[in-house]
Amino acid sequence: RWGANWGALEIWNEPDIFFGGDLPADQYVSLVKTIASGLAQQRIDVPLVGGVVAHFHPAYLDNAAANGLLEHVDVISFHTYATAPAMEGLVGRYRQWLAEHGRPAMPLWITECGRPWKRGPERPPQQQDAASALDITMKAVEARACGIARYFAFVYPFYEERDNNFGMMGRQATPLRSMAAYAHAVLALSGKTYVGDLKCDDPRIRRARVFAGQEAAVVVLYTGTPDGTTTFKLDLPFQRAEGIDGRALARDADGAVPLGDGLTYIWVDRHSLRGRLVRGTPAMELLQLSQRKPPARRESSPIVLRYQWDRERVAAEPSGYRLRRPLAAPLPMAVRVFNLSAEPRTVRLEASWAGSQQSLGVRTARVPAEGFADVRWTIDAERALAQRALVRVTVTATCQGGRPISPLAIDLLPANPGKKGR
């Protein structure tokens with residue numbers, strides 16, 4: 001139905017917070033594997049986007065990778081409402097996480113990124129309008145410089161949520177400054193690649209990103225403050241200057257250009273930049289990583305494993321499964337084996353935990369077609385967690401004649417009486 005219209009399928013929305021039930025990543029990745037298998041069986045060829053996280057949560061992300069998330073999707077996406085200067089560091093943290101799990105060049109998308117204004121009026125006051133436009137637009141600039149493959153500003157329609165309005169259109173569906181500025185950023189940077197930062201020692205200039213095509217180049221000067229008064233004299237010949245919304249900016253009597261929007265585009269001849277660029281920036285390293293050949297998605301097995309946690313003894317939270325109280329007996333652990341194929345399967349499963357030299361045991365599950373079967377182990381969780389902040393139980397599975405089955409990684413956490421979970 002959607003094959004001719006969609007560019008990708010993004011799985012869920014912010015599963016690391018309440019939208020995902022505040023559950024650990026293994027529960028989300030089981031859903032990802034199920035969707036990947038279903039699409040493969042129906043021969044639907046569409047890029048899969050996974051992650052979709054609200055925060056950079058190391059424990060959640062590391063567990064997601066241990067459960068095979070990076071092998072079952074084509075793209076990792078995330079959301080952020082951090083300010084523009086924080087983007088370079090944030091993208092770097094995601095790249096580092098990908099590198100630690102063997103996928104440094106995996107495409108990154110930012111699928112929700114905005115700067116709201118206060119709800120109430122049909123259009124924001126001028127100061128809020130300017131601040132919203134500046135942050136949304138500069139984050140798009142930073143995303144492009146840092147090699148983000150796709151950037152989605154949040155959000156096109158008039159949209160009130162709690163005390164905020166995230167809309168880039170007014171109540172009467174007329175564009176706000178943020179929409180004009182975002183559209184002009186697309187126009188200005190289209191067909192150009194980040195080539196470095198302009199050398200600049202003026203402390204007011206927080207970013208001086210340079211993007212270039214074959215001949216033309218544009219310098220994006222960013223102060224972070226839409227004060228309406230700042231000017232800057234560029235010691236470089238340039239063709240024209242434009243405000244954040246694309247309007248022409250005139251030089252003053254001293255040859256300085258306005259920076260009052262907090263962001264100004266300066267158009268220059270590319271050849272005039274010789275000797276004026278700083279190429280060894282963190283953003284350039286991130287861009288070059290993104291330009292490598294991305295890994296291919298693995299073929300999905302119709303066998304999917306999911307942990308069925310004991311809600312009486314264990315509380316689920318994004319970091320893992322926390323014991324509700326000290327246990328006097330071993331912890332029962334149940335794993336549900338789903339068979340998404342039309343044929344019955346016999347699956348061999350083995351559980352073990354990091355730090356132990358012994359297996360928790362081998363189990364065999366006879367799983368009906370399009371059905372499931374449960375297998376069980378026990379672990380002395382108190383002993384395992386006695387000197388550890390986390391114990392990872394890994395369940396591996398094999399099935400004769402089938403595709404490799406992705407493992408299940410379950411992170412157990414010690415009891416914390418003041419901590420609540422699901």
# chains A, B, ... in the order shown; residues from 1 in each chain; ligands from 1
>>> closest_atom_pairs(of="segment 255-355 of chain A", to="segment 227-249 of chain A", cutoff="9 Å", atoms="only C-alpha atoms", output="CSV")
residue,atom,partner,partner_atom,distance
A:Gly255,CA,A:Lys233,CA,6.2
A:Ala256,CA,A:Lys233,CA,4.0
A:Val257,CA,A:Thr231,CA,5.4
A:Pro258,CA,A:Thr231,CA,4.3
A:Leu259,CA,A:Thr230,CA,5.0
A:Gly260,CA,A:Gly228,CA,3.6
A:Asp261,CA,A:Gly228,CA,6.0
A:Gly262,CA,A:Asp227,CA,7.1
A:Leu263,CA,A:Ile244,CA,5.7
A:Thr264,CA,A:Gly243,CA,5.0
A:Tyr265,CA,A:Glu242,CA,5.0
A:Ile266,CA,A:Ala241,CA,4.6
A:Trp267,CA,A:Arg240,CA,5.3
A:Val268,CA,A:Phe238,CA,4.5
A:Asp269,CA,A:Phe238,CA,7.0
A:Ser272,CA,A:Pro237,CA,7.5
A:Leu273,CA,A:Leu236,CA,8.3
>>> residues_around(residues="Pro414 of chain A", least_positions_apart="2", cutoff="7 Å", atoms="only C-alpha atoms", output="list in words")
Arg322, Leu323, Leu385, Ala389, Leu412 and Asn416 of chain A
>>> closest_atom_pairs(of="segment 62-171 of chain A", to="segment 22-40 of chain A", cutoff="8 Å", atoms="only C-alpha atoms", output="CSV")
residue,atom,partner,partner_atom,distance
A:Asn63,CA,A:Ala25,CA,5.9
A:Ala64,CA,A:Ala25,CA,5.0
A:Asn67,CA,A:Asp26,CA,6.1
A:Gly68,CA,A:Val29,CA,7.3
A:Leu69,CA,A:Val29,CA,5.8
A:His72,CA,A:Lys33,CA,6.5
A:Val73,CA,A:Ala36,CA,7.8
>>> write_last_selection(atoms="C-alpha atoms", output="tab-separated table (two decimals), in the first residue's frame")
chain	number	residue	atom	x	y	z
A	63	ASN	CA	21.69	-3.07	25.66
A	64	ALA	CA	19.98	-2.30	22.34
A	67	ASN	CA	20.33	-7.37	21.36
A	68	GLY	CA	21.17	-6.84	17.69
A	69	LEU	CA	19.45	-3.53	16.95
A	72	HIS	CA	18.37	-5.28	11.95
A	73	VAL	CA	17.98	-1.67	10.79
>>> residues_around(residues="Gly191 of chain A", least_positions_apart="4", cutoff="10 Å", atoms="only C-alpha atoms", output="short mmCIF file (atom, residue, chain, number, x, y, z; two decimals) with C-alpha atoms, in the first residue's frame")
data_model
loop_
_atom_site.label_atom_id
_atom_site.label_comp_id
_atom_site.auth_asym_id
_atom_site.auth_seq_id
_atom_site.Cartn_x
_atom_site.Cartn_y
_atom_site.Cartn_z
CA VAL A 186 17.79 24.30 2.62
CA LEU A 187 18.23 26.68 -0.32
CA PHE A 211 29.95 24.93 2.93
CA ALA A 212 31.10 24.83 -0.67
CA GLY A 213 30.14 23.63 -4.11
CA GLN A 214 32.43 23.63 -7.14
#
>>> select_by_dssp(residues="segment 65-291 of chain A", states="strand (DSSP E)", output="PyMOL selection string")
chain A and resi 75-80+108-113+117-118+150-153+160-161+164-165+193-198+207-212+216-222+231-232+240-242+248-249+257-258+263-269+277-278
>>> residues_around(residues="Ala133 of chain A", least_positions_apart="3", cutoff="8 Å", atoms="only C-alpha atoms", output="list in words")
Arg115, Asp129, Ala130, Ile136, Thr137, Arg177, Ser178, Met179, Ala181 and Tyr182 of chain A
>>> residues_around(residues="segment 122-126 of chain A", least_positions_apart="3", cutoff="9 Å", atoms="only C-alpha atoms", output="list in words")
Trp117, Lys118, Arg119, Asp129, Ala130, Ala131, Phe158, Asn165, Met169, Gly170, Arg171, Gln172 and Leu176 of chain A
>>> select_by_dssp(residues="segment 228-400 of chain A", states="alpha helix (DSSP H)", output="list of chain:residue names")
A:Pro282, A:Ala283, A:Met284, A:Glu285, A:Leu286, A:Leu287, A:Gln288, A:Leu289, A:Ser290, A:Ala381, A:Glu382, A:Arg383, A:Ala384
>>> atom_distance(atom1="atom CA of Asn13 of chain A", atom2="atom CA of His57 of chain A")
15.1 Å
